[in-house]
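Some notes on the structure that comes next.
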Amino acid sequence: MKYRDFTLDDFDSVIDLWKRAGLILSRSDTIEGLEKKLKRDSELFFCAEEDGRIIGAVMGCYDGRRGWINHLAVDPEYQGRNIGQAIIKELEKRFKKLGCEKVNLLIEKNNCKVQGFYENMGFKTDELIFMEKWI
């Protein structure tokens with residue numbers, strides 16, 4: 001398995017991966033939305049490949065204080081092989097290189113089965129109320 005930065009040429013494959021992995025996509029998960037993302041910290045948005053096939057992807061973000069893990073997905077055919085853990089470790093290396101000291105993530109209610117995965121990776125639950133507004 002090797003890592004490489006996401007490019008817009010990967011859009012269809014990564015959207016398909018996210019859907020097959022059961023992630024909920026939002027209205028910003030468009031080619032235009034991801035193009036905007038690449039203008040900020042593109043080195044945190046990368047794919048895991050095996051034999052030229054994208055088998056995992058993650059969209060990390062860093063705001064100068066906190067890192068965020070968004071849309072981590074592993075192809076269902078490859079789940080259970082520690083690929084998700086390897087992707088998290090690679091993303092953490094990239095965060096550290098930028099000076100990031102803390103990483104956050106959100107889990108959608110329909111995807112709560114992944115909570116144990118993140119706990120095994122050292123993440124802790126924090127009692128917060130998450131709010132959002134599309135503008």
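By convention in this document, the chains of the structure tokens carry letters A, B, ... by their order, each chain's residues are numbered from 1, and ligands are numbered from 1 in the order they are shown.
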
What are the nearest atom pairs, with distances in Å to one decimal, for all residues of region 47-107 of chain A that come at most 10 Å from region 124-131 of chain A, using only C-alpha atoms, set out by chain and rising residue number as JSON lines?
{"residue": "A:Asn104", "atom": "CA", "partner": "A:Lys124", "partner_atom": "CA", "distance": 9.5}
{"residue": "A:Leu105", "atom": "CA", "partner": "A:Thr125", "partner_atom": "CA", "distance": 9.8}
{"residue": "A:Leu106", "atom": "CA", "partner": "A:Phe130", "partner_atom": "CA", "distance": 8.9}

Strand (DSSP E or B) call set, DSSP backbone run, chain A, as an MDAnalysis selection string: chainID A and resid 2:5 45:50 53:62 67:74 103:105

Selection near Ala57 (chain A), 12 Å with only C-alpha atoms, sequence-local residues under 5 positions removed, as a PyMOL selection string: chain A and resi 2-7+10-11+13-19+21+23+44-49+69-75+83-88+90-91

Would you write out those residues with N, CA, C and O atoms, as a short mmCIF file (atom, residue, chain, number, x, y, z; two decimals), in the first residue's frame?
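Done, and the output landed in selection_13.cif:
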data_model
loop_
_atom_site.label_atom_id
_atom_site.label_comp_id
_atom_site.auth_asym_id
_atom_site.auth_seq_id
_atom_site.Cartn_x
_atom_site.Cartn_y
_atom_site.Cartn_z
N LYS A 2 0.47 2.23 -0.77
CA LYS A 2 1.20 3.49 -0.78
C LYS A 2 0.20 4.63 -0.67
O LYS A 2 -0.99 4.47 -0.96
N TYR A 3 0.71 5.78 -0.24
CA TYR A 3 -0.11 6.98 -0.10
C TYR A 3 0.25 7.95 -1.20
O TYR A 3 1.40 8.05 -1.61
N ARG A 4 -0.77 8.70 -1.64
CA ARG A 4 -0.53 9.80 -2.56
C ARG A 4 -1.61 10.84 -2.34
O ARG A 4 -2.73 10.53 -1.93
N ASP A 5 -1.25 12.07 -2.60
CA ASP A 5 -2.19 13.16 -2.41
C ASP A 5 -3.37 13.01 -3.37
O ASP A 5 -3.23 12.58 -4.51
N PHE A 6 -4.54 13.38 -2.87
CA PHE A 6 -5.75 13.41 -3.68
C PHE A 6 -5.60 14.47 -4.77
O PHE A 6 -5.05 15.54 -4.55
N THR A 7 -6.08 14.14 -5.95
CA THR A 7 -6.19 15.13 -7.03
C THR A 7 -7.63 15.10 -7.52
O THR A 7 -8.38 14.15 -7.26
N ASP A 10 -9.22 12.10 -9.01
CA ASP A 10 -9.68 11.03 -8.12
C ASP A 10 -11.12 11.22 -7.67
O ASP A 10 -11.66 10.37 -6.96
N PHE A 11 -11.72 12.34 -8.04
CA PHE A 11 -13.03 12.71 -7.50
C PHE A 11 -14.05 11.57 -7.58
O PHE A 11 -14.62 11.17 -6.55
N SER A 13 -13.76 8.35 -8.08
CA SER A 13 -13.37 7.14 -7.34
C SER A 13 -13.53 7.34 -5.83
O SER A 13 -13.98 6.44 -5.12
N VAL A 14 -13.15 8.52 -5.35
CA VAL A 14 -13.23 8.77 -3.91
C VAL A 14 -14.68 8.96 -3.47
O VAL A 14 -15.08 8.44 -2.42
N ILE A 15 -15.48 9.65 -4.26
CA ILE A 15 -16.91 9.78 -3.92
C ILE A 15 -17.55 8.39 -3.87
O ILE A 15 -18.31 8.07 -2.94
N ASP A 16 -17.23 7.54 -4.83
CA ASP A 16 -17.75 6.17 -4.83
C ASP A 16 -17.29 5.41 -3.59
O ASP A 16 -18.09 4.71 -2.95
N LEU A 17 -16.02 5.55 -3.23
CA LEU A 17 -15.49 4.91 -2.02
C LEU A 17 -16.25 5.38 -0.79
O LEU A 17 -16.66 4.56 0.04
N TRP A 18 -16.41 6.69 -0.64
CA TRP A 18 -17.12 7.23 0.52
C TRP A 18 -18.54 6.66 0.60
O TRP A 18 -19.00 6.28 1.68
N LYS A 19 -19.22 6.58 -0.51
CA LYS A 19 -20.58 6.05 -0.53
C LYS A 19 -20.60 4.58 -0.15
O LYS A 19 -21.43 4.13 0.65
N ALA A 21 -18.51 3.01 1.60
CA ALA A 21 -18.13 2.86 3.00
C ALA A 21 -19.22 3.37 3.94
O ALA A 21 -19.09 3.26 5.16
N LEU A 23 -20.46 6.56 4.23
CA LEU A 23 -20.38 7.94 4.71
C LEU A 23 -21.52 8.77 4.15
O LEU A 23 -21.98 8.54 3.03
N LEU A 44 -2.98 17.14 3.39
CA LEU A 44 -3.74 16.41 4.39
C LEU A 44 -4.91 15.63 3.79
O LEU A 44 -5.62 14.92 4.49
N PHE A 45 -5.09 15.73 2.49
CA PHE A 45 -6.15 15.02 1.78
C PHE A 45 -5.44 14.02 0.88
O PHE A 45 -4.83 14.39 -0.12
N PHE A 46 -5.49 12.76 1.26
CA PHE A 46 -4.74 11.76 0.50
C PHE A 46 -5.47 10.43 0.39
O PHE A 46 -6.45 10.18 1.09
N CYS A 47 -4.98 9.63 -0.51
CA CYS A 47 -5.54 8.32 -0.81
C CYS A 47 -4.52 7.24 -0.46
O CYS A 47 -3.32 7.46 -0.53
N ALA A 48 -5.04 6.08 -0.13
CA ALA A 48 -4.22 4.87 0.02
C ALA A 48 -4.51 4.01 -1.20
O ALA A 48 -5.68 3.80 -1.55
N GLU A 49 -3.46 3.55 -1.85
CA GLU A 49 -3.61 2.76 -3.07
C GLU A 49 -2.93 1.40 -2.93
O GLU A 49 -1.91 1.27 -2.26
N ILE A 69 -10.20 15.36 11.27
CA ILE A 69 -10.28 14.19 10.40
C ILE A 69 -11.68 14.16 9.82
O ILE A 69 -12.67 14.10 10.56
N ASN A 70 -11.75 14.22 8.50
CA ASN A 70 -13.03 14.17 7.80
C ASN A 70 -13.02 13.05 6.78
O ASN A 70 -12.02 12.84 6.09
N HIS A 71 -14.11 12.36 6.68
CA HIS A 71 -14.33 11.39 5.61
C HIS A 71 -13.24 10.31 5.50
O HIS A 71 -12.80 9.97 4.41
N LEU A 72 -12.80 9.79 6.63
CA LEU A 72 -11.91 8.63 6.57
C LEU A 72 -12.73 7.44 6.10
O LEU A 72 -13.78 7.14 6.67
N ALA A 73 -12.26 6.79 5.06
CA ALA A 73 -12.98 5.61 4.54
C ALA A 73 -11.99 4.59 4.02
O ALA A 73 -10.96 4.94 3.46
N VAL A 74 -12.34 3.34 4.22
CA VAL A 74 -11.60 2.21 3.66
C VAL A 74 -12.59 1.39 2.86
O VAL A 74 -13.73 1.14 3.30
N ASP A 75 -12.18 0.98 1.69
CA ASP A 75 -13.01 0.14 0.83
C ASP A 75 -13.52 -1.04 1.67
O ASP A 75 -12.73 -1.72 2.34
N ILE A 83 -5.89 -0.98 7.65
CA ILE A 83 -5.65 0.11 6.71
C ILE A 83 -6.09 1.43 7.30
O ILE A 83 -5.39 2.44 7.18
N GLY A 84 -7.25 1.44 7.96
CA GLY A 84 -7.72 2.66 8.60
C GLY A 84 -6.74 3.17 9.64
O GLY A 84 -6.45 4.38 9.71
N GLN A 85 -6.19 2.25 10.44
CA GLN A 85 -5.17 2.64 11.44
C GLN A 85 -3.95 3.24 10.76
O GLN A 85 -3.40 4.24 11.21
N ALA A 86 -3.51 2.61 9.70
CA ALA A 86 -2.33 3.10 8.98
C ALA A 86 -2.59 4.49 8.40
O ALA A 86 -1.70 5.37 8.46
N ILE A 87 -3.78 4.72 7.88
CA ILE A 87 -4.11 6.04 7.33
C ILE A 87 -4.10 7.09 8.44
O ILE A 87 -3.56 8.19 8.26
N ILE A 88 -4.68 6.76 9.59
CA ILE A 88 -4.69 7.70 10.73
C ILE A 88 -3.25 8.03 11.14
O ILE A 88 -2.91 9.19 11.37
N GLU A 90 -0.53 7.93 9.36
CA GLU A 90 0.08 8.78 8.33
C GLU A 90 -0.44 10.20 8.45
O GLU A 90 0.34 11.17 8.36
N LEU A 91 -1.74 10.36 8.66
CA LEU A 91 -2.31 11.70 8.81
C LEU A 91 -1.75 12.38 10.05
O LEU A 91 -1.42 13.58 10.01
#

Per-residue DSSP, region 21-110 of chain A, filtered to helix (DSSP H, G or I), as a PyMOL selection string: chain A and resi 31-44+76-78+83-97+109-110

Neighbour list for Gly64 (chain A) as a PyMOL selection string, cut-off 10 Å, only C-alpha atoms, skip fewer than 6 positions in-chain: chain A and resi 98-101

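Shell of Trp134 (chain A) at 12 Å, with only C-alpha atoms counted and residues fewer than 3 places along the chain excluded, is Ser26, Arg27, Ser28 and Met131 of chain A.
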
Å distance separating CA of Pro76 (chain A) from CA of Arg20 (chain A), one decimal place: 7.0 Å

Each region 57-94 of chain A residue no farther than 12 Å from region 37-40 of chain A, nearest pair in Å, only C-alpha atoms, as a Markdown table:
| residue | atom | partner | partner_atom | distance |
| --- | --- | --- | --- | --- |
| A:Met59 | CA | A:Lys37 | CA | 8.9 |
| A:Gly60 | CA | A:Lys37 | CA | 9.7 |
| A:Cys61 | CA | A:Arg40 | CA | 8.3 |
| A:Tyr62 | CA | A:Arg40 | CA | 8.7 |
| A:Asp63 | CA | A:Arg40 | CA | 9.3 |
| A:Gly64 | CA | A:Arg40 | CA | 11.2 |
| A:Asn70 | CA | A:Lys37 | CA | 11.6 |
